[in-house]
file run.txt (compact mmCIF, C-alpha atoms and all ligand atoms)
# COMPACT_ATOMS: atom_id res chain seq x y z
CA MET E 1 -16.20 -15.03 -3.11
CA THR E 2 -18.67 -12.17 -3.38
CA VAL E 3 -17.73 -8.59 -2.66
CA SER E 4 -20.28 -5.82 -2.62
CA LEU E 5 -19.51 -3.41 -5.41
CA GLU E 6 -22.61 -1.30 -5.04
CA ASN E 7 -20.81 1.74 -3.67
CA ILE E 8 -17.99 1.67 -6.19
CA LYS E 9 -18.49 4.22 -8.93
CA ILE E 10 -16.59 5.47 -11.94
CA ILE E 11 -16.85 9.03 -13.20
CA SER E 12 -15.00 11.10 -15.76
CA SER E 13 -13.62 14.50 -14.91
CA GLY E 14 -11.60 16.27 -17.56
CA GLN E 15 -9.13 13.77 -18.95
CA ARG E 16 -9.43 11.72 -15.79
CA ARG E 17 -11.35 8.58 -14.96
CA ILE E 18 -12.01 8.33 -11.26
CA LEU E 19 -12.91 5.12 -9.50
CA TYR E 20 -14.16 5.80 -5.99
CA ASP E 21 -16.12 4.53 -3.04
CA ALA E 22 -19.34 6.53 -2.86
CA ALA E 23 -19.81 5.42 0.75
CA LEU E 24 -16.76 7.56 1.59
CA LEU E 25 -16.84 10.43 -0.91
CA GLU E 26 -19.54 12.63 -2.38
CA HIS E 27 -19.14 13.88 -5.94
CA PRO E 28 -15.34 13.98 -6.01
CA ASP E 29 -13.71 15.99 -8.76
CA GLU E 30 -10.19 16.49 -9.98
CA SER E 31 -9.28 18.56 -6.93
CA LEU E 32 -9.32 15.29 -4.97
CA PHE E 33 -6.09 14.34 -6.73
CA CYS E 34 -4.47 17.79 -6.60
CA PRO E 35 -4.72 18.82 -2.95
CA GLY E 36 -3.54 22.36 -2.34
CA PRO E 37 -0.96 22.99 0.38
CA GLU E 38 -3.73 24.23 2.70
CA LEU E 39 -5.18 20.70 2.80
CA MET E 40 -1.89 18.95 3.34
CA VAL E 41 -0.82 17.67 6.69
CA GLU E 42 2.59 18.55 8.03
CA LYS E 43 4.13 15.11 7.62
CA THR E 44 3.86 15.40 3.85
CA ALA E 45 7.52 15.55 2.90
CA ALA E 46 8.59 17.78 0.07
CA ILE E 47 5.87 17.62 -2.54
CA GLY E 48 8.27 15.69 -4.66
CA ARG E 49 7.27 12.98 -7.04
CA GLY E 50 7.23 9.56 -5.51
CA GLU E 51 6.49 10.77 -2.00
CA PRO E 52 3.06 10.04 -0.51
CA ILE E 53 0.92 13.11 0.19
CA PHE E 54 -1.07 13.25 3.44
CA TYR E 55 -4.08 15.56 3.38
CA GLN E 56 -7.69 16.07 4.38
CA TYR E 57 -10.69 15.91 2.09
CA GLN E 58 -14.39 15.75 2.96
CA GLY E 59 -13.50 15.08 6.57
CA HIS E 60 -11.17 12.14 5.86
CA ASP E 61 -7.45 11.82 6.47
CA LEU E 62 -6.10 10.57 3.17
CA VAL E 63 -2.88 9.36 1.62
CA LEU E 64 -2.24 9.87 -2.09
CA LYS E 65 0.36 7.96 -4.01
CA GLN E 66 1.36 8.32 -7.61
CA TYR E 67 2.65 5.40 -9.58
CA LEU E 68 6.09 5.94 -10.91
CA ARG E 69 7.73 3.79 -13.48
CA GLY E 70 11.19 2.67 -12.43
CA GLY E 71 14.19 1.98 -14.58
CA MET E 72 15.35 3.35 -17.89
CA VAL E 73 12.04 4.50 -19.27
CA ALA E 74 11.28 6.45 -16.11
CA SER E 75 12.94 9.61 -17.27
CA LEU E 76 11.06 9.50 -20.56
CA LEU E 77 7.63 8.50 -19.34
CA GLY E 78 7.50 9.65 -15.72
CA ASP E 79 4.25 8.50 -14.15
CA ARG E 80 2.53 7.89 -17.45
CA TYR E 81 1.73 4.39 -18.64
CA PHE E 82 0.98 2.87 -21.97
CA GLY E 83 -2.48 1.57 -22.47
CA LEU E 84 -6.00 2.75 -23.00
CA ASN E 85 -8.06 0.83 -20.46
CA PRO E 86 -8.10 2.46 -17.01
CA GLU E 87 -8.90 -0.90 -15.42
CA GLN E 88 -5.46 -2.04 -16.55
CA THR E 89 -3.66 0.68 -14.63
CA ARG E 90 -1.84 -0.27 -11.44
CA ALA E 91 -4.00 2.24 -9.55
CA PHE E 92 -7.33 0.69 -10.56
CA LYS E 93 -5.99 -2.80 -9.97
CA GLU E 94 -4.66 -1.95 -6.52
CA PHE E 95 -7.94 -0.21 -5.62
CA ARG E 96 -9.97 -3.26 -6.62
CA LEU E 97 -7.70 -5.65 -4.74
CA LEU E 98 -7.76 -3.47 -1.59
CA HIS E 99 -11.54 -3.39 -1.82
CA GLN E 100 -11.65 -7.18 -1.79
CA LEU E 101 -9.23 -7.27 1.15
CA GLN E 102 -11.63 -5.03 3.10
CA ALA E 103 -14.45 -7.46 2.41
CA LEU E 104 -12.25 -10.18 3.94
CA ASN E 105 -11.52 -8.00 6.97
CA LEU E 106 -7.80 -8.10 6.30
CA PRO E 107 -5.59 -5.40 7.85
CA ALA E 108 -4.79 -3.37 4.72
CA PRO E 109 -5.57 0.24 3.77
CA VAL E 110 -9.15 1.17 2.92
CA PRO E 111 -9.24 2.29 -0.73
CA VAL E 112 -10.93 5.64 -1.32
CA ALA E 113 -10.29 6.47 -4.97
CA ALA E 114 -8.08 5.72 -7.93
CA SER E 115 -7.49 7.87 -10.95
CA ALA E 116 -6.23 7.24 -14.43
CA GLU E 117 -5.59 10.29 -16.51
CA HIS E 118 -5.49 10.21 -20.24
CA ALA E 119 -2.56 11.88 -21.92
CA GLY E 120 -2.55 10.71 -25.49
CA LEU E 121 -1.55 7.07 -25.50
CA PHE E 122 -0.56 7.17 -21.84
CA PHE E 123 -2.16 7.00 -18.44
CA ARG E 124 -1.03 8.80 -15.36
CA ALA E 125 -2.30 6.92 -12.32
CA ALA E 126 -2.80 7.58 -8.62
CA LEU E 127 -4.37 5.85 -5.62
CA ILE E 128 -5.91 7.31 -2.48
CA THR E 129 -6.42 5.35 0.73
CA LEU E 130 -7.63 6.25 4.20
CA GLU E 131 -4.65 7.07 6.35
CA ILE E 132 -3.83 4.46 8.96
CA ALA E 133 -3.48 6.72 11.98
CA HIS E 134 -0.39 6.84 14.20
CA ALA E 135 1.45 4.43 11.93
CA TRP E 136 5.10 4.02 11.15
CA THR E 137 6.81 1.40 9.06
CA LEU E 138 8.49 -1.64 10.57
CA ALA E 139 11.68 -0.38 8.90
CA ASP E 140 11.48 2.96 10.71
CA GLN E 141 10.79 1.20 14.00
CA LEU E 142 13.82 -1.09 13.66
CA MET E 143 16.15 1.79 12.84
CA LEU E 144 15.21 3.36 16.17
CA SER E 145 14.81 0.50 18.59
CA ALA E 146 14.24 -3.23 18.86
CA ALA E 147 10.70 -4.58 18.52
CA ASP E 148 9.63 -6.95 21.28
CA ASP E 149 8.77 -10.62 20.74
CA SER E 150 5.04 -9.97 20.75
CA THR E 151 5.41 -7.42 17.93
CA TRP E 152 7.38 -9.88 15.81
CA GLN E 153 4.77 -12.55 16.47
CA ALA E 154 2.02 -10.11 15.50
CA VAL E 155 3.82 -9.42 12.20
CA GLY E 156 3.93 -13.17 11.56
CA ARG E 157 0.24 -13.57 12.39
CA CYS E 158 -0.64 -10.67 10.11
CA ILE E 159 1.19 -12.16 7.11
CA ARG E 160 -0.40 -15.53 7.83
CA GLN E 161 -3.90 -13.97 7.71
CA PHE E 162 -3.22 -12.78 4.15
CA HIS E 163 -1.72 -16.11 3.14
CA ASP E 164 -4.71 -18.00 4.54
CA HIS E 165 -6.83 -15.99 2.10
CA ASP E 166 -4.38 -16.68 -0.75
CA VAL E 167 -3.38 -13.04 -1.01
CA TYR E 168 -0.01 -12.57 -2.61
CA HIS E 169 1.96 -9.41 -1.78
CA ALA E 170 4.42 -8.70 -4.57
CA ASP E 171 6.81 -6.61 -2.47
CA LEU E 172 6.76 -7.79 1.13
CA ASN E 173 9.43 -5.75 2.86
CA ALA E 174 9.89 -3.79 6.09
CA ARG E 175 8.66 -0.56 4.47
CA ASN E 176 5.37 -2.12 3.46
CA ILE E 177 4.53 -3.31 6.97
CA LEU E 178 2.95 -0.65 9.19
CA LEU E 179 2.72 -0.71 12.96
CA SER E 180 -0.03 1.31 14.57
CA ASP E 181 -1.32 1.18 18.12
CA ASN E 182 -0.20 -2.44 18.50
CA LYS E 183 -1.84 -3.43 15.25
CA VAL E 184 0.02 -4.62 12.17
CA TYR E 185 -1.00 -3.77 8.61
CA LEU E 186 0.31 -4.71 5.20
CA ILE E 187 0.26 -1.87 2.65
CA ASP E 188 1.31 -1.33 -0.97
CA PHE E 189 -0.55 -4.05 -2.88
CA ASP E 190 0.76 -2.82 -6.21
CA LYS E 191 1.01 -5.95 -8.39
CA GLY E 192 -0.51 -8.07 -5.62
CA ALA E 193 -3.16 -10.68 -6.42
CA PHE E 194 -5.13 -13.64 -5.23
CA ARG E 195 -3.06 -16.70 -5.95
CA TYR E 196 -4.85 -19.99 -5.73
CA LEU E 197 -2.30 -22.27 -7.39
CA GLY E 198 0.13 -24.03 -5.11
CA GLU E 199 1.48 -23.05 -1.72
CA SER E 200 5.19 -22.64 -2.35
CA TRP E 201 4.86 -18.91 -3.04
CA LYS E 202 3.98 -18.40 0.62
CA ALA E 203 7.39 -19.62 1.80
CA SER E 204 9.06 -17.56 -0.95
CA ASN E 205 7.14 -14.52 0.25
CA LEU E 206 8.50 -15.01 3.78
CA ALA E 207 12.00 -15.66 2.46
CA ARG E 208 11.82 -12.40 0.53
CA LEU E 209 10.90 -10.50 3.68
CA LYS E 210 13.83 -12.04 5.53
CA ARG E 211 16.23 -11.09 2.73
CA SER E 212 14.86 -7.57 2.83
CA LEU E 213 15.37 -7.33 6.61
CA LEU E 214 18.95 -8.59 6.26
CA LYS E 215 19.56 -6.06 3.52
CA PHE E 216 18.29 -3.23 5.70
CA LYS E 217 20.61 -4.47 8.44
CA SER E 218 23.62 -4.51 6.15
CA ARG E 219 22.89 -1.02 4.84
CA ASN E 220 22.06 0.78 8.08
CA GLN E 221 24.40 1.39 10.97
CA THR E 222 21.60 0.64 13.37
CA PHE E 223 18.92 -1.84 12.46
CA TYR E 224 17.50 -4.13 15.10
CA PHE E 225 17.02 -7.49 13.48
CA ASP E 226 18.40 -10.87 14.53
CA GLU E 227 17.66 -14.60 14.27
CA ASN E 228 15.53 -14.60 17.41
CA ASN E 229 13.29 -11.88 15.88
CA TRP E 230 12.81 -14.05 12.82
CA LYS E 231 12.06 -17.06 15.02
CA GLN E 232 9.35 -15.05 16.79
CA LEU E 233 7.86 -13.95 13.47
CA LEU E 234 7.71 -17.57 12.28
CA GLN E 235 6.19 -18.60 15.58
CA GLY E 236 3.38 -16.06 15.10
CA TYR E 237 2.96 -17.20 11.52
CA SER E 238 2.73 -20.87 12.49
CA ALA E 239 0.50 -20.37 15.52
CA ALA E 240 -2.09 -18.35 13.60
N1 LIG C 301 -3.00 4.07 4.20
C1 LIG C 301 -1.84 4.54 4.66
N2 LIG C 301 -1.75 5.02 5.93
C2 LIG C 301 -0.59 5.52 6.41
N3 LIG C 301 0.54 5.61 5.68
C3 LIG C 301 0.52 5.17 4.41
C4 LIG C 301 -0.66 4.60 3.83
N4 LIG C 301 -0.39 4.27 2.55
C5 LIG C 301 0.89 4.60 2.34
N5 LIG C 301 1.45 5.14 3.45
C6 LIG C 301 2.81 5.65 3.58
O1 LIG C 301 3.30 5.97 2.30
C7 LIG C 301 4.43 5.19 1.95
C8 LIG C 301 4.36 4.80 0.48
O2 LIG C 301 3.19 4.06 0.21
P1 LIG C 301 3.22 2.67 -0.57
O3 LIG C 301 1.82 2.21 -0.75
O4 LIG C 301 4.17 1.74 0.13
O5 LIG C 301 3.77 3.10 -1.99
P2 LIG C 301 5.21 3.04 -2.69
O6 LIG C 301 6.14 2.23 -1.81
O7 LIG C 301 4.93 2.37 -3.98
O8 LIG C 301 5.62 4.45 -2.82
C9 LIG C 301 4.39 4.02 2.91
O9 LIG C 301 5.67 3.50 3.18
C10 LIG C 301 3.76 4.61 4.15
O10 LIG C 301 4.73 5.24 4.94
MG MG C 302 5.86 0.73 -0.50
call {"tool": "encode", "arguments": {"input": "run.txt", "output": "structure tokens"}}
result
Amino acid sequence: MTVSLENIKIISSGQRRILYDAALLEHPDESLFCPGPELMVEKTAAIGRGEPIFYQYQGHDLVLKQYLRGGMVASLLGDRYFGLNPEQTRAFKEFRLLHQLQALNLPAPVPVAASAEHAGLFFRAALITLEIAHAWTLADQLMLSAADDSTWQAVGRCIRQFHDHDVYHADLNARNILLSDNKVYLIDFDKGAFRYLGESWKASNLARLKRSLLKFKSRNQTFYFDENNWKQLLQGYSAA
């Protein structure tokens, strides 16, 4: 498969390496990754770590996410990662995968920039995508009200599109599925990859999503998910 890389550039700014799409941004600098409050859009929750930041830059509506390390080392390392090659950071990898997904016309976020910041032996990494407008997660939707059959089928069709291109999503759950104006998107391709060997991972991927939906249901007082919804999702998946 060939993907045009001609607009993808890498620059250094301070301690930072920035990978970006020059078709979308002109001469970005570090301020791209440190938006002031005046650029932020209201829905940006507290500017806490781990929360996405919504803001405007060079006329685009953007979403910035920082990569946080979970588990025990989190408190020691925060969002810094071992390693010296920026291409090995989760941000650069997710950017490059999203770029390939765009070339395949798959409904995933458009990558704008990724950054890896040197701090001694560590990297601090971040990814910026174009905001998918008027979107909310499938999880948020189901906490409020039931989704109709056609929505569940559309979710199934969407997942199938990715699987038909051998795209593996490492964390398929109801928070990583966005609904927007009747369109369905998959987001959060951290640790995702093209997977050409075998087919069994596709069924495991679906099984994981179902487990996640059941878990949401068990943990929330209201969460609209039942066997018929799953049947509709599978119908969309199979019909695609
Ligand atoms: N391109 C986008 N458009 C709209 N919302 C987004 C976009 N990317 C991320 N978000 C929002 O930010 C949240 C976190 O982003 P995500 O990529 O899932 O990172 P993580 O789960 O690792 O924090 C998502 O659940 C979604 O609500
Ligand atoms: Mg996520």
call {"tool": "atom_distance", "arguments": {"input": "run.txt", "atom1": "CA of Phe95 in chain E", "atom2": "CA of Ser212 in chain E"}}
result
25.4 Å
call {"tool": "atom_distance", "arguments": {"input": "run.txt", "atom1": "CA of Ser180 in chain E", "atom2": "CA of Lys215 in chain E"}}
result
23.7 Å
call {"tool": "residues_around", "arguments": {"input": "run.txt", "residues": "Glu42 in chain E", "least_positions_apart": "5", "cutoff": "10 Å", "atoms": "all atoms listed in the file", "output": "PyMOL selection string"}}
result
chain E and resi 37+53-55
call {"tool": "closest_residue", "arguments": {"input": "run.txt", "among": "E:Lys191, E:Lys43, E:Lys183, E:Arg16", "to": "ligand MG 302 (chain C)", "atoms": "only C-alpha atoms and all ligand atoms"}}
result
E:Lys191
call {"tool": "atom_distance", "arguments": {"input": "run.txt", "atom1": "CA of Asn7 in chain E", "atom2": "CA of Phe123 in chain E"}}
result
24.4 Å
call {"tool": "residues_near_ligand", "arguments": {"input": "run.txt", "ligand": "ligand LIG 301 (chain C)", "cutoff": "7 Å", "atoms": "all atoms listed in the file", "output": "PyMOL selection string"}}
result
chain E and resi 50-52+63+65+67+109-110+129-133+135-137+175-176+187-188
call {"tool": "residues_around", "arguments": {"input": "run.txt", "residues": "Ala239 in chain E", "least_positions_apart": "2", "cutoff": "9 Å", "atoms": "all atoms listed in the file", "output": "PyMOL selection string"}}
result
chain E and resi 153+156-157+234-237
call {"tool": "closest_residue", "arguments": {"input": "run.txt", "among": "E:Gln221, E:Gln88, E:Ser238, E:Gln66", "to": "ligand MG 302 (chain C)", "atoms": "all atoms listed in the file"}}
result
E:Gln66
call {"tool": "closest_residue", "arguments": {"input": "run.txt", "among": "E:Leu68, E:Lys210, E:His134, E:Leu144", "to": "ligand MG 302 (chain C)", "atoms": "only C-alpha atoms and all ligand atoms"}}
result
E:Leu68
call {"tool": "axis_aligned_box", "arguments": {"input": "run.txt", "around": "range 87-90 of chain E", "padding_each_side": "5 Å", "output": "lines of an AutoDock Vina configuration file"}}
result
center_x = -5.4
center_y = -0.7
center_z = -14.0
size_x = 17.1
size_y = 12.7
size_z = 15.1
call {"tool": "residues_around", "arguments": {"input": "run.txt", "residues": "His27 in chain E", "least_positions_apart": "5", "cutoff": "12 Å", "atoms": "all atoms listed in the file", "output": "JSON, numbers by chain"}}
result
{"E": [9, 10, 11, 12, 13, 18, 19, 20, 21, 22, 32, 57, 58, 113]}
call {"tool": "residues_near_point", "arguments": {"input": "run.txt", "point": "(-12.9, -11.8, -3.0)", "cutoff": "12 Å", "atoms": "all atoms listed in the file", "output": "compact mmCIF listing (two decimals) with C-alpha atoms, in the frame of the given file"}}
result
# COMPACT_ATOMS: atom_id res chain seq x y z
CA MET E 1 -16.20 -15.03 -3.11
CA THR E 2 -18.67 -12.17 -3.38
CA VAL E 3 -17.73 -8.59 -2.66
CA SER E 4 -20.28 -5.82 -2.62
CA LEU E 5 -19.51 -3.41 -5.41
CA ARG E 96 -9.97 -3.26 -6.62
CA LEU E 97 -7.70 -5.65 -4.74
CA LEU E 98 -7.76 -3.47 -1.59
CA HIS E 99 -11.54 -3.39 -1.82
CA GLN E 100 -11.65 -7.18 -1.79
CA LEU E 101 -9.23 -7.27 1.15
CA GLN E 102 -11.63 -5.03 3.10
CA ALA E 103 -14.45 -7.46 2.41
CA LEU E 104 -12.25 -10.18 3.94
CA ASN E 105 -11.52 -8.00 6.97
CA LEU E 106 -7.80 -8.10 6.30
CA HIS E 165 -6.83 -15.99 2.10
CA ASP E 166 -4.38 -16.68 -0.75
CA VAL E 167 -3.38 -13.04 -1.01
CA ALA E 193 -3.16 -10.68 -6.42
CA PHE E 194 -5.13 -13.64 -5.23
CA ARG E 195 -3.06 -16.70 -5.95
CA TYR E 196 -4.85 -19.99 -5.73
